[in-house]
Protein chains: 2
Amino acid sequence: MKNGQARVLIENVKPCVDNGLYPVKRVVGERVEVTADIFADGHDLLRAEVLYKKADEKEWNILPMQNTGNDCWVASFYVTQQQPYVFTLRAWVDPLKTWYDGLVKKINAHTLVHLEFEEGAQMLERLAGTDNTKLRNAVKRLRNKSQYTANLNWAKGSELAELVDKYPYRRFEVYWPAEITIVVEPRRALFSTWYELFPRSASFTGGHGTFKDVIRLLPRIEAMGFDVLYLPPIHPIGKINRKGKNNNVRSEPGEPGSPWAVGSDEGGHKSVHPQLGTLEDFRLLITKARARGIDIAMDLAFQCAPDHPYVKDNPQWFKHRPDGSIQYAENPPKKYQDIYPFDFECDDWQNLWNELLSIVQFWIGQGVRIFRVDNPHTKPFRFWQWLISNIHQTHPDIIFLSEAFTRPKIMAALAKLGFTQSYTYFTWRVSKEEIIAYMNELVHTSSRNYFRPNFWPNTPDILPYHLQHQGEAIFIIRLALAATLSSNYGIYGPPYEFCENTPVPGKEEYLNSEKYEIRQYNWKQTNRMTDIITLINRARRQHPALQTTWNIRFCHCENPHLLAYVKYTDDLSDIMFTVVNLDAHNRQWGYVQLPLDLLGIDGNINVKLHDVVADERYTWTQEWNYVELDPHRLPFHLFHLTVHESWA
Amino acid sequence: MKNGQARVLIENVKPCVDNGLYPVKRVVGERVEVTADIFADGHDLLRAEVLYKKADEKEWNILPMQNTGNDCWVASFYVTQQQPYVFTLRAWVDPLKTWYDGLVKKINAHTLVHLEFEEGAQMLERLAGTDNTKLRNAVKRLRNKSQYTANLNWAKGSELAELVDKYPYRRFEVYWPAEITIVVEPRRALFSTWYELFPRSASFTGGHGTFKDVIRLLPRIEAMGFDVLYLPPIHPIGKINRKGKNNNVRSEPGEPGSPWAVGSDEGGHKSVHPQLGTLEDFRLLITKARARGIDIAMDLAFQCAPDHPYVKDNPQWFKHRPDGSIQYAENPPKKYQDIYPFDFECDDWQNLWNELLSIVQFWIGQGVRIFRVDNPHTKPFRFWQWLISNIHQTHPDIIFLSEAFTRPKIMAALAKLGFTQSYTYFTWRVSKEEIIAYMNELVHTSSRNYFRPNFWPNTPDILPYHLQHQGEAIFIIRLALAATLSSNYGIYGPPYEFCENTPVPGKEEYLNSEKYEIRQYNWKQTNRMTDIITLINRARRQHPALQTTWNIRFCHCENPHLLAYVKYTDDLSDIMFTVVNLDAHNRQWGYVQLPLDLLGIDGNINVKLHDVVADERYTWTQEWNYVELDPHRLPFHLFHLTVHESWA
C-alpha cells in the first residue's frame, strides 16, 4: 500500500531495445525522440517530463513532454557528445493545469466561478512562495472580488495561461522505474562510403600488388568520394590445403590462395603477408589514407589455415577427432579442409578469447579504427559482446561491421550486442515492394535503435542474379539505390566499376573470383560508372539529408517500376528527392506525389528541384508531377529539393 | 567473462505482459502456448525446453520445444488447477543431435564415416553411464568395425535416430533469466452469459420490485440460459439532489432516483435499499439463484450521494471547496450534483482504501462472487491493483468486470492490473471490417493474455445508433454476434428482449431510462427474441467451441454483408461455424470458403453442417459454398460442423 496517491501510469517507453537489455544506439548529433503511453484515471490533466543526462553526470536535464493524442506523449533531445547517455521519465496529475482547463470552460459556459478563483489562488499562492512576484500578483488579482467581471476575461487570456503552463504544480510524481542507456558513436558509424579491393590486385603493372600499390590508388579512391577502404585479410595465407582458382580444392604451385585461410609458417593474425609488404608499409598506408580522409577497414577472420602457428602452439583451441587430427570446417556433406575453426566450447576458452582480443588490440595499435568482421554468426554471441564492449571501454570510436548474411534474428542479435554496422538483405531486395517493405522494417521498427544498415550491391562472395549478364544500367540503379537509401553503403569496387557480370553458372558467385587469384585492373581507366559514383558520393558529402538512413518518406507513384522517396534533415534545411527507374531495360514514366505535409506546404506549391547528378533544374507547382526516366540515358533523378514562397 | 561456452540466445518469450510486469491470465483447463526465438551461432542443432510448475511446487515439469522455422520454438501445456503457475525456458547446443544430423548427410553422400562413428560412440558412452543397455549396445555397434557396411544403414534408421532424440546431450545450458507468472482463474472468467435487470422493475404486478420478485424471475432467466444475473446498485439511494425522470436535475416527490447515487440516511454501501427488501432477502436471492446455476453480480459504484453516511462520518475522504462545501462530480462545464466522488489523493487515503476494501469483503461475506465495477477508470489504477490482489489472495475465484468505456490504453491497463473481464468496443463495431479488425486485435495481439472481453449489444447507458428505431432483425444480429464471437457476453435484458429502440433524440441513450424510473414489464410474455436467446445460449452450453473467445478463424466471403467464422476447440472435437448477415434489411447471399487447413482436410471434402438454431442440415463437398440469409426469416446460421470421411 505504497505510493497510493500517485495516479499516473507510464508504459511502452521508446526508444528501448529488448526492454533495456541492450542499449539504444545513436551517433553524435542525432536526435532521440522519446515516446511513452502516459495516463491517469479520470479527466484530470497530466504533465510528463523526460529526464536525460550523460551517464557520468549527476544532474538531469529536464524536458517537458507533449501529449500527441491517444495517451501518447513525446519529447526529443539531441546527443552531442560521443559518450553514453541515459534517460528516464516522470509524470504526474497537475491540479493547477486541471483547474485552469475547467475554469476556462466554465467561464465560457457563463458559470459563476468565484469559488474557482479562490481555489486557483490557493494553489498559485503555494507555488509562489515569497519570491515570485508574478504569481503573487496573480493571486491578488484572483482574490480581488471588485474586479470579478474584468477577471473573467483576464483569466481566459494568455497571461494566466502562461503562468499555469510555466509553473508545474508537482504532486505525487511517478518515476518510470528504469533508465535507458544510449550509446553514442562517431558520425562515421552512420555515414560511411566503402570501397573494397584486394591489395594483391592493386599493382599498376602486373604481378602481386603491395601496400605501396594501394597507396598509389588512394588519390583515385578519394576522387570517387569514398571514405573507407576495406581490404580482405592481409595476413600470411595458409599453404596446406590451399585453394586454387575458382575454389578448386587443389591449388597449382604459385597460386596465391584465399586470404581468408589465415596463417602459415610466415605468421598468423598479427602478421602481414610478406608479398604485400611490411607492417611499416601497412602503417604508412593507414597514415596516407587518413590524410585523405579515408579509413582503412581491416578484415577480422577468426579462423586458421592448417599451418597457422596457433595450431601448433595452442592445439587445445581446436577440436580434435578420435584419430588425433584437427576438425576442419564443414557444413555436411561439404568440407572446407583449408580452414580450422576455433573450438569456442573448449576448456581453454578464456585464453582463446583473450588472444583474439589481443589481435584486435594489436591492429588498433597499428592505427586501424574499422573492422569488417567475417562471418561473426559462426562465433558465439557472448564472445562478440565481450570483445566489442571490452574494446569500446578504451576505444569507443572503433567501428565493427558485421558480415552476417544469415537468418534475420541472428543478424539482429549481433547488432544488439554491439556491432556498429551490419550487412543487409538489400543485396537481394530488387522490386519496389521489396525495397519499401525492407526500408520500413529497418527504419520504422525497433530495429532502427540497434541495427545500422550498410548496403552493398555486390561483395566478393555475391554477384546477385539481377546483375549477372546485365549492362551498365542495372549497376547504376543498384548503386544509386544503395547510396541514397542508406547512409552507409559500399561496393566491391573494381568489378563494380567495370560492370563485371559473369557468374559461376547457376550461382551468385563471380567466375574467376579474386578470392582465389590475382587480378589485373587498368587503374588509370575511368568510365561513366566512375563518374556517376563520383557525383553521387559528392552529393552524399554535400547533403546532410543523405547522411542519415532514418529520415525517409516514400512517395506515391502509380508506376510499379518507379521508386520515389524524400530524405531530409530533422529541421528540413536539406531535402533530397530521389526517383529511380527500377527497370533497367525500358523507359518508364508516371506521376509522383510530393509529400506536402512533410514539406510543410498547405497552400500553393512552388518547389524547385535540382538534379545534382544530371545538373538539370525543374519547378513543380502541382502535388502530382510527371517524371520520365530512360535507363539508357540515366535511370534515376537525385534532386535537391527546395520549397519556395508561392507567388500567389 | 562468465558463461563463455554457452552459445544460445533466448528472446521474445511469449506469452508475456509488459515484459513480466503483469501476470498472464488463463482459466482452468486452458492451454498455454509458449513461443520464443531461440538460436545460436553456426549450424549446430539446438534443443529447447519449457519448464513449468504450479507456483508453490518445487519440481519443474519439463516440456521439449519444437522448432517451427525462422528460429521460432514452441511448446504447449495446460493449466488444470485454479492457482498460479510459473514457467521459464532453457536451451542448449546439442552436439549429439548435431553429430547425428551430419552423419546421415555424410552417409547419404557416400563419405567414409569411421571417425564419425567413433565420435558418436564417445558421446553415447558418456550418456550411457553404466546402466543404459540400449545406449551401451549402440556404442558397441558403432565401434564394431567388421559391421561397418551394415552399420551405415542401421545408423540412418529409426533406432539410432530415436536414441539420439530421446537422450539429450546437455552441455552449457542457457536459462532464460525470468519466470513468467500465469494467474489461473475459474472457467466462468472466460465463459459467462449475463442478464442485467433493475430489481425495482422486477414486480409482476406493478409498484417497486423487490428481491423476492427477482427470485420469482429466476426460472425465466434460467430458461433463457443465463448464468450471471447482474443487478445495478441495491443500496439506499440519495435523497439530496436526487435525479428525476430522464435525468432531470430535480426529481418530483416519489421518484425513485438513480441507484448509482449511493447512500442516504437509510445507509450506505453495506446496506440494501429498504424498498428492495432486507439483507436476508438478498442472501436468499443469492442462494436460490446459485441453485439454478446463476451467480448474482453486484454493482460496485464507489461514489456517494450527498446524504451518504460517509459524508458526515468521514468528510476527510472528500474534496472541500473554499466555502466549506464538498466538491461534487463534474466534467466542466457539466455538473453532477447528486454525486460526490471520493478524493483518492486525500491525506487519509489509506483508511479510505481499507474501507472500500471492507465493502467488497462484506458482500463476499453475503455470498457475492461477481462484481461489475462502475467506472473503474475514474478511480486510481493502483487502488484497483491493490484491492483486487488483496481480495484474490483469500478469494481467487472472485470475478471483477471492468465497466470502463474509455480510451484503449486505459481499458487495457485496468485489465492488466487485475480485472477479470472488461466491457469492450463491440457495442460500436458494426461493419464486417470493424468486427474482424477488432476481433483480431483482441485475439491475436498481446491483449489476449490479459484482456477478457465481455460483449454487450446494449447497456442501461447505451442504446447504440444502429439499434435506434430499428426492428427485431438487428437485435437478433447483434445478439448472435455477441454470443458467438465472445464467450463472455451479456444484455441489458428486458429492453433487449422486447426490442426497445427509442432514444433520447440525438443521443445513444434510452428515452425514459430505467436508470431514473421504475418500469413495468410483462414478465410472463415470451417472444421470438426470447426463443432465439434460449437456443443460442443452449448452443453455448452444449458446445465447448463457443466457450472460448480465443480459437476463432474468419472465413473468406466476397459479400461484405456476410460475416463467417469458425470457432473450435484445441483438439477440433467441437467446431462451430457461424455466418451472419449484417444487413438487417435485405437478403444477402454469397460463397463462403471453408478453412480446409484448419479442418485438416486435404483430400475430398465431406462436411456436415447442422444449424442448431434453425435445426437445418446441409452437406458441403466443395471448398466454396453458397449461403443465403434473409433477415426477415433468420439473419444468421449457427452450424455445428463435423468433418466426415470422404466417400471417394
# chains A, B, ... in the order shown; residues from 1 in each chain; ligands from 1
>>> interface_residues(of="chain A", to="chain B", cutoff="6 Å", atoms="only C-alpha atoms", output="list of chain:residue names")
A:Gln5, A:Arg7, A:Asp41, A:Gly42, A:Gly102, A:Lys105, A:Lys106, A:Pro332, A:Pro333, A:Glu345, A:His377, A:Thr378, A:Lys379, A:Pro380
>>> write_last_selection(atoms="C-alpha atoms", output="mmCIF file, in the first residue's frame")
data_model
loop_
_atom_site.group_PDB
_atom_site.id
_atom_site.type_symbol
_atom_site.label_atom_id
_atom_site.label_comp_id
_atom_site.auth_asym_id
_atom_site.auth_seq_id
_atom_site.Cartn_x
_atom_site.Cartn_y
_atom_site.Cartn_z
ATOM 1 C CA GLN A 5 -1.780 8.936 -4.122
ATOM 2 C CA ARG A 7 -2.253 8.181 -10.121
ATOM 3 C CA ASP A 41 -7.710 7.809 -14.060
ATOM 4 C CA GLY A 42 -10.431 10.364 -14.633
ATOM 5 C CA GLY A 102 -12.054 23.657 -16.119
ATOM 6 C CA LYS A 105 -14.734 26.004 -19.835
ATOM 7 C CA LYS A 106 -16.921 27.280 -17.020
ATOM 8 C CA PRO A 332 27.877 -31.640 -44.024
ATOM 9 C CA PRO A 333 28.425 -33.060 -46.502
ATOM 10 C CA GLU A 345 33.473 -24.566 -26.381
ATOM 11 C CA HIS A 377 27.457 -15.560 -36.845
ATOM 12 C CA THR A 378 29.697 -18.628 -36.751
ATOM 13 C CA LYS A 379 31.325 -17.494 -33.495
ATOM 14 C CA PRO A 380 29.424 -17.245 -30.193
#
>>> select_by_dssp(residues="region 65-279 of chain B", states="helix (DSSP H, G or I)", output="number ranges by chain")
B: 95-108, 114-128, 133-143, 145-156, 158-166, 187-189, 199-201, 211-224, 245-247, 274-276, 279
>>> residues_around(residues="His469 (chain A)", least_positions_apart="3", cutoff="10 Å", atoms="only C-alpha atoms", output="PyMOL selection string")
chain A and resi 465-466+499-503
>>> residues_around(residues="Thr193 (chain A)", least_positions_apart="4", cutoff="6 Å", atoms="only C-alpha atoms", output="MDAnalysis selection string")
chainID A and resid 226:228 488:490
>>> write_last_selection(atoms="all heavy atoms", output="PDB file, in the first residue's frame")
ATOM      1  N   PHE A 226      35.097   8.024 -51.750  1.00  0.00           N
ATOM      2  CA  PHE A 226      34.984   7.006 -50.695  1.00  0.00           C
ATOM      3  C   PHE A 226      35.779   7.420 -49.472  1.00  0.00           C
ATOM      4  O   PHE A 226      36.826   8.071 -49.579  1.00  0.00           O
ATOM      5  CB  PHE A 226      35.462   5.645 -51.221  1.00  0.00           C
ATOM      6  CG  PHE A 226      34.556   5.091 -52.276  1.00  0.00           C
ATOM      7  CD1 PHE A 226      34.856   5.230 -53.633  1.00  0.00           C
ATOM      8  CD2 PHE A 226      33.377   4.445 -51.919  1.00  0.00           C
ATOM      9  CE1 PHE A 226      34.007   4.743 -54.612  1.00  0.00           C
ATOM     10  CE2 PHE A 226      32.521   3.947 -52.893  1.00  0.00           C
ATOM     11  CZ  PHE A 226      32.831   4.101 -54.248  1.00  0.00           C
ATOM     12  N   ASP A 227      35.281   7.043 -48.302  1.00  0.00           N
ATOM     13  CA  ASP A 227      36.000   7.398 -47.080  1.00  0.00           C
ATOM     14  C   ASP A 227      36.361   6.190 -46.222  1.00  0.00           C
ATOM     15  O   ASP A 227      36.907   6.341 -45.130  1.00  0.00           O
ATOM     16  CB  ASP A 227      35.229   8.443 -46.256  1.00  0.00           C
ATOM     17  CG  ASP A 227      33.800   8.024 -45.940  1.00  0.00           C
ATOM     18  OD1 ASP A 227      33.534   6.807 -45.902  1.00  0.00           O
ATOM     19  OD2 ASP A 227      32.957   8.913 -45.728  1.00  0.00           O
ATOM     20  N   VAL A 228      36.027   4.991 -46.698  1.00  0.00           N
ATOM     21  CA  VAL A 228      36.516   3.770 -46.055  1.00  0.00           C
ATOM     22  C   VAL A 228      37.061   2.864 -47.157  1.00  0.00           C
ATOM     23  O   VAL A 228      36.381   2.615 -48.153  1.00  0.00           O
ATOM     24  CB  VAL A 228      35.407   3.023 -45.278  1.00  0.00           C
ATOM     25  CG1 VAL A 228      35.977   1.761 -44.614  1.00  0.00           C
ATOM     26  CG2 VAL A 228      34.756   3.913 -44.224  1.00  0.00           C
ATOM     27  N   ASN A 488      25.101   4.453 -44.955  1.00  0.00           N
ATOM     28  CA  ASN A 488      26.276   3.597 -45.079  1.00  0.00           C
ATOM     29  C   ASN A 488      26.096   2.709 -46.303  1.00  0.00           C
ATOM     30  O   ASN A 488      25.095   1.999 -46.406  1.00  0.00           O
ATOM     31  CB  ASN A 488      26.431   2.690 -43.847  1.00  0.00           C
ATOM     32  CG  ASN A 488      26.697   3.465 -42.572  1.00  0.00           C
ATOM     33  OD1 ASN A 488      27.603   4.289 -42.515  1.00  0.00           O
ATOM     34  ND2 ASN A 488      25.898   3.204 -41.547  1.00  0.00           N
ATOM     35  N   TYR A 489      27.042   2.784 -47.223  1.00  0.00           N
ATOM     36  CA  TYR A 489      26.959   1.840 -48.337  1.00  0.00           C
ATOM     37  C   TYR A 489      28.369   1.528 -48.825  1.00  0.00           C
ATOM     38  O   TYR A 489      29.332   2.222 -48.467  1.00  0.00           O
ATOM     39  CB  TYR A 489      26.082   2.387 -49.469  1.00  0.00           C
ATOM     40  CG  TYR A 489      26.804   3.098 -50.585  1.00  0.00           C
ATOM     41  CD1 TYR A 489      27.098   2.432 -51.783  1.00  0.00           C
ATOM     42  CD2 TYR A 489      27.187   4.417 -50.458  1.00  0.00           C
ATOM     43  CE1 TYR A 489      27.765   3.085 -52.812  1.00  0.00           C
ATOM     44  CE2 TYR A 489      27.833   5.080 -51.486  1.00  0.00           C
ATOM     45  CZ  TYR A 489      28.137   4.417 -52.667  1.00  0.00           C
ATOM     46  OH  TYR A 489      28.785   5.054 -53.675  1.00  0.00           O
ATOM     47  N   GLY A 490      28.490   0.462 -49.583  1.00  0.00           N
ATOM     48  CA  GLY A 490      29.801   0.113 -50.089  1.00  0.00           C
ATOM     49  C   GLY A 490      29.701  -0.737 -51.336  1.00  0.00           C
ATOM     50  O   GLY A 490      28.654  -1.310 -51.636  1.00  0.00           O
TER      51      GLY A 490
END
>>> closest_residue(among="B:Lys270, B:Lys140, B:Lys53, B:Arg26", to="Tyr85 (chain B)", atoms="only C-alpha atoms")
B:Lys53
>>> residues_around(residues="Lys416 (chain A)", least_positions_apart="3", cutoff="8 Å", atoms="only C-alpha atoms", output="list in words")
Val17, Tyr22, Pro23, Ala412, Ala413, Phe419, Tyr450 and Phe451 of chain A
>>> residues_around(residues="region 596-602 of chain B", least_positions_apart="2", cutoff="9 Å", atoms="only C-alpha atoms", output="ChimeraX atom specification")
/B:553,572,575,593-594,604-606,623,643
>>> select_by_dssp(residues="region 12-249 of chain A", states="strand (DSSP E)", output="JSON, numbers by chain")
{"A": [12, 13, 14, 24, 25, 26, 27, 31, 32, 33, 34, 35, 36, 37, 38, 39, 40, 46, 47, 48, 49, 50, 51, 52, 53, 54, 61, 62, 63, 64, 66, 67, 68, 69, 72, 73, 74, 75, 76, 77, 78, 85, 86, 87, 88, 89, 90, 91, 92, 93, 174, 175, 180, 181, 182, 183, 184, 185, 192, 193, 194, 195, 196, 228, 229, 230, 231]}
>>> atom_distance(atom1="CA of Leu218 (chain B)", atom2="CA of Arg369 (chain B)")
17.5 Å
>>> residues_around(residues="Lys319 (chain B)", least_positions_apart="3", cutoff="9 Å", atoms="only C-alpha atoms", output="mmCIF file with N, CA and C atoms, in the first residue's frame")
data_model
loop_
_atom_site.group_PDB
_atom_site.id
_atom_site.type_symbol
_atom_site.label_atom_id
_atom_site.label_comp_id
_atom_site.auth_asym_id
_atom_site.auth_seq_id
_atom_site.Cartn_x
_atom_site.Cartn_y
_atom_site.Cartn_z
ATOM 1 N N PRO B 315 -15.666 13.113 6.457
ATOM 2 C CA PRO B 315 -15.582 14.208 5.485
ATOM 3 C C PRO B 315 -14.180 14.348 4.880
ATOM 4 N N GLN B 316 -13.154 13.806 5.581
ATOM 5 C CA GLN B 316 -11.776 13.930 5.069
ATOM 6 C C GLN B 316 -11.570 13.123 3.785
ATOM 7 N N SER B 325 -18.054 23.752 1.234
ATOM 8 C CA SER B 325 -18.891 22.737 0.597
ATOM 9 C C SER B 325 -18.012 21.604 0.063
ATOM 10 N N ILE B 326 -18.663 20.487 -0.257
ATOM 11 C CA ILE B 326 -17.921 19.352 -0.807
ATOM 12 C C ILE B 326 -18.032 19.377 -2.327
ATOM 13 N N GLN B 327 -16.918 19.090 -2.967
ATOM 14 C CA GLN B 327 -16.855 19.119 -4.428
ATOM 15 C C GLN B 327 -17.691 17.983 -5.009
ATOM 16 N N TYR B 328 -18.722 18.348 -5.793
ATOM 17 C CA TYR B 328 -19.488 17.312 -6.473
ATOM 18 C C TYR B 328 -18.747 16.890 -7.750
ATOM 19 N N TYR B 340 -20.990 12.756 -5.038
ATOM 20 C CA TYR B 340 -19.691 13.206 -4.517
ATOM 21 C C TYR B 340 -18.661 12.114 -4.797
ATOM 22 N N PRO B 341 -17.633 12.414 -5.566
ATOM 23 C CA PRO B 341 -16.581 11.404 -5.750
ATOM 24 C C PRO B 341 -15.681 11.374 -4.510
ATOM 25 N N PHE B 342 -15.078 10.220 -4.254
ATOM 26 C CA PHE B 342 -14.051 10.167 -3.217
ATOM 27 C C PHE B 342 -12.812 10.925 -3.701
ATOM 28 N N ASP B 343 -12.097 11.544 -2.751
ATOM 29 C CA ASP B 343 -10.826 12.196 -3.084
ATOM 30 C C ASP B 343 -9.702 11.204 -2.794
ATOM 31 N N CYS B 346 -6.527 12.280 -0.995
ATOM 32 C CA CYS B 346 -6.598 12.889 0.340
ATOM 33 C C CYS B 346 -5.538 12.290 1.267
#
>>> closest_residue(among="B:Val183, B:Leu285, B:Leu45, B:Leu63", to="Ser76 (chain B)", atoms="only C-alpha atoms")
B:Leu63
>>> atom_distance(atom1="CA of Glu628 (chain A)", atom2="CA of Cys557 (chain A)")
11.8 Å
>>> decode(residues="region 576-595 of chain A", atoms="N, CA and C atoms", output="PDB file, in the first residue's frame")
ATOM      1  N   MET A 576      16.395  15.939 -49.976  1.00  0.00           N
ATOM      2  CA  MET A 576      16.779  15.294 -51.231  1.00  0.00           C
ATOM      3  C   MET A 576      15.622  14.412 -51.678  1.00  0.00           C
ATOM      4  N   PHE A 577      15.351  14.460 -52.958  1.00  0.00           N
ATOM      5  CA  PHE A 577      14.214  13.742 -53.522  1.00  0.00           C
ATOM      6  C   PHE A 577      14.744  12.850 -54.640  1.00  0.00           C
ATOM      7  N   THR A 578      14.607  11.555 -54.450  1.00  0.00           N
ATOM      8  CA  THR A 578      15.176  10.602 -55.402  1.00  0.00           C
ATOM      9  C   THR A 578      14.057   9.865 -56.121  1.00  0.00           C
ATOM     10  N   VAL A 579      14.208   9.704 -57.427  1.00  0.00           N
ATOM     11  CA  VAL A 579      13.301   8.850 -58.193  1.00  0.00           C
ATOM     12  C   VAL A 579      14.177   7.890 -58.990  1.00  0.00           C
ATOM     13  N   VAL A 580      13.916   6.602 -58.854  1.00  0.00           N
ATOM     14  CA  VAL A 580      14.720   5.597 -59.547  1.00  0.00           C
ATOM     15  C   VAL A 580      13.812   4.771 -60.445  1.00  0.00           C
ATOM     16  N   ASN A 581      14.243   4.578 -61.680  1.00  0.00           N
ATOM     17  CA  ASN A 581      13.577   3.639 -62.569  1.00  0.00           C
ATOM     18  C   ASN A 581      14.195   2.258 -62.337  1.00  0.00           C
ATOM     19  N   LEU A 582      13.416   1.366 -61.711  1.00  0.00           N
ATOM     20  CA  LEU A 582      13.949   0.048 -61.369  1.00  0.00           C
ATOM     21  C   LEU A 582      14.051  -0.875 -62.575  1.00  0.00           C
ATOM     22  N   ASP A 583      13.487  -0.455 -63.686  1.00  0.00           N
ATOM     23  CA  ASP A 583      13.512  -1.260 -64.918  1.00  0.00           C
ATOM     24  C   ASP A 583      14.736  -0.844 -65.730  1.00  0.00           C
ATOM     25  N   ALA A 584      15.720  -1.737 -65.793  1.00  0.00           N
ATOM     26  CA  ALA A 584      16.990  -1.389 -66.433  1.00  0.00           C
ATOM     27  C   ALA A 584      16.884  -1.393 -67.956  1.00  0.00           C
ATOM     28  N   HIS A 585      15.750  -1.810 -68.482  1.00  0.00           N
ATOM     29  CA  HIS A 585      15.676  -2.005 -69.929  1.00  0.00           C
ATOM     30  C   HIS A 585      14.726  -1.058 -70.645  1.00  0.00           C
ATOM     31  N   ASN A 586      13.757  -0.501 -69.905  1.00  0.00           N
ATOM     32  CA  ASN A 586      12.727   0.279 -70.585  1.00  0.00           C
ATOM     33  C   ASN A 586      12.557   1.650 -69.949  1.00  0.00           C
ATOM     34  N   ARG A 587      12.222   2.589 -70.787  1.00  0.00           N
ATOM     35  CA  ARG A 587      11.834   3.906 -70.339  1.00  0.00           C
ATOM     36  C   ARG A 587      10.562   3.756 -69.500  1.00  0.00           C
ATOM     37  N   GLN A 588      10.504   4.427 -68.362  1.00  0.00           N
ATOM     38  CA  GLN A 588       9.303   4.374 -67.526  1.00  0.00           C
ATOM     39  C   GLN A 588       8.900   5.794 -67.174  1.00  0.00           C
ATOM     40  N   TRP A 589       7.602   6.021 -67.083  1.00  0.00           N
ATOM     41  CA  TRP A 589       7.120   7.357 -66.737  1.00  0.00           C
ATOM     42  C   TRP A 589       5.912   7.241 -65.830  1.00  0.00           C
ATOM     43  N   GLY A 590       5.610   8.321 -65.154  1.00  0.00           N
ATOM     44  CA  GLY A 590       4.466   8.293 -64.263  1.00  0.00           C
ATOM     45  C   GLY A 590       4.399   9.578 -63.462  1.00  0.00           C
ATOM     46  N   TYR A 591       3.343   9.680 -62.664  1.00  0.00           N
ATOM     47  CA  TYR A 591       3.170  10.854 -61.808  1.00  0.00           C
ATOM     48  C   TYR A 591       3.581  10.499 -60.388  1.00  0.00           C
ATOM     49  N   VAL A 592       4.372  11.385 -59.813  1.00  0.00           N
ATOM     50  CA  VAL A 592       4.882  11.184 -58.464  1.00  0.00           C
ATOM     51  C   VAL A 592       4.269  12.242 -57.557  1.00  0.00           C
ATOM     52  N   GLN A 593       3.840  11.831 -56.360  1.00  0.00           N
ATOM     53  CA  GLN A 593       3.189  12.756 -55.436  1.00  0.00           C
ATOM     54  C   GLN A 593       4.213  13.360 -54.474  1.00  0.00           C
ATOM     55  N   LEU A 594       4.192  14.684 -54.365  1.00  0.00           N
ATOM     56  CA  LEU A 594       5.025  15.349 -53.357  1.00  0.00           C
ATOM     57  C   LEU A 594       4.385  15.149 -51.980  1.00  0.00           C
ATOM     58  N   PRO A 595       5.175  14.869 -50.941  1.00  0.00           N
ATOM     59  CA  PRO A 595       4.607  14.735 -49.596  1.00  0.00           C
ATOM     60  C   PRO A 595       4.427  16.121 -48.969  1.00  0.00           C
TER      61      PRO A 595
END
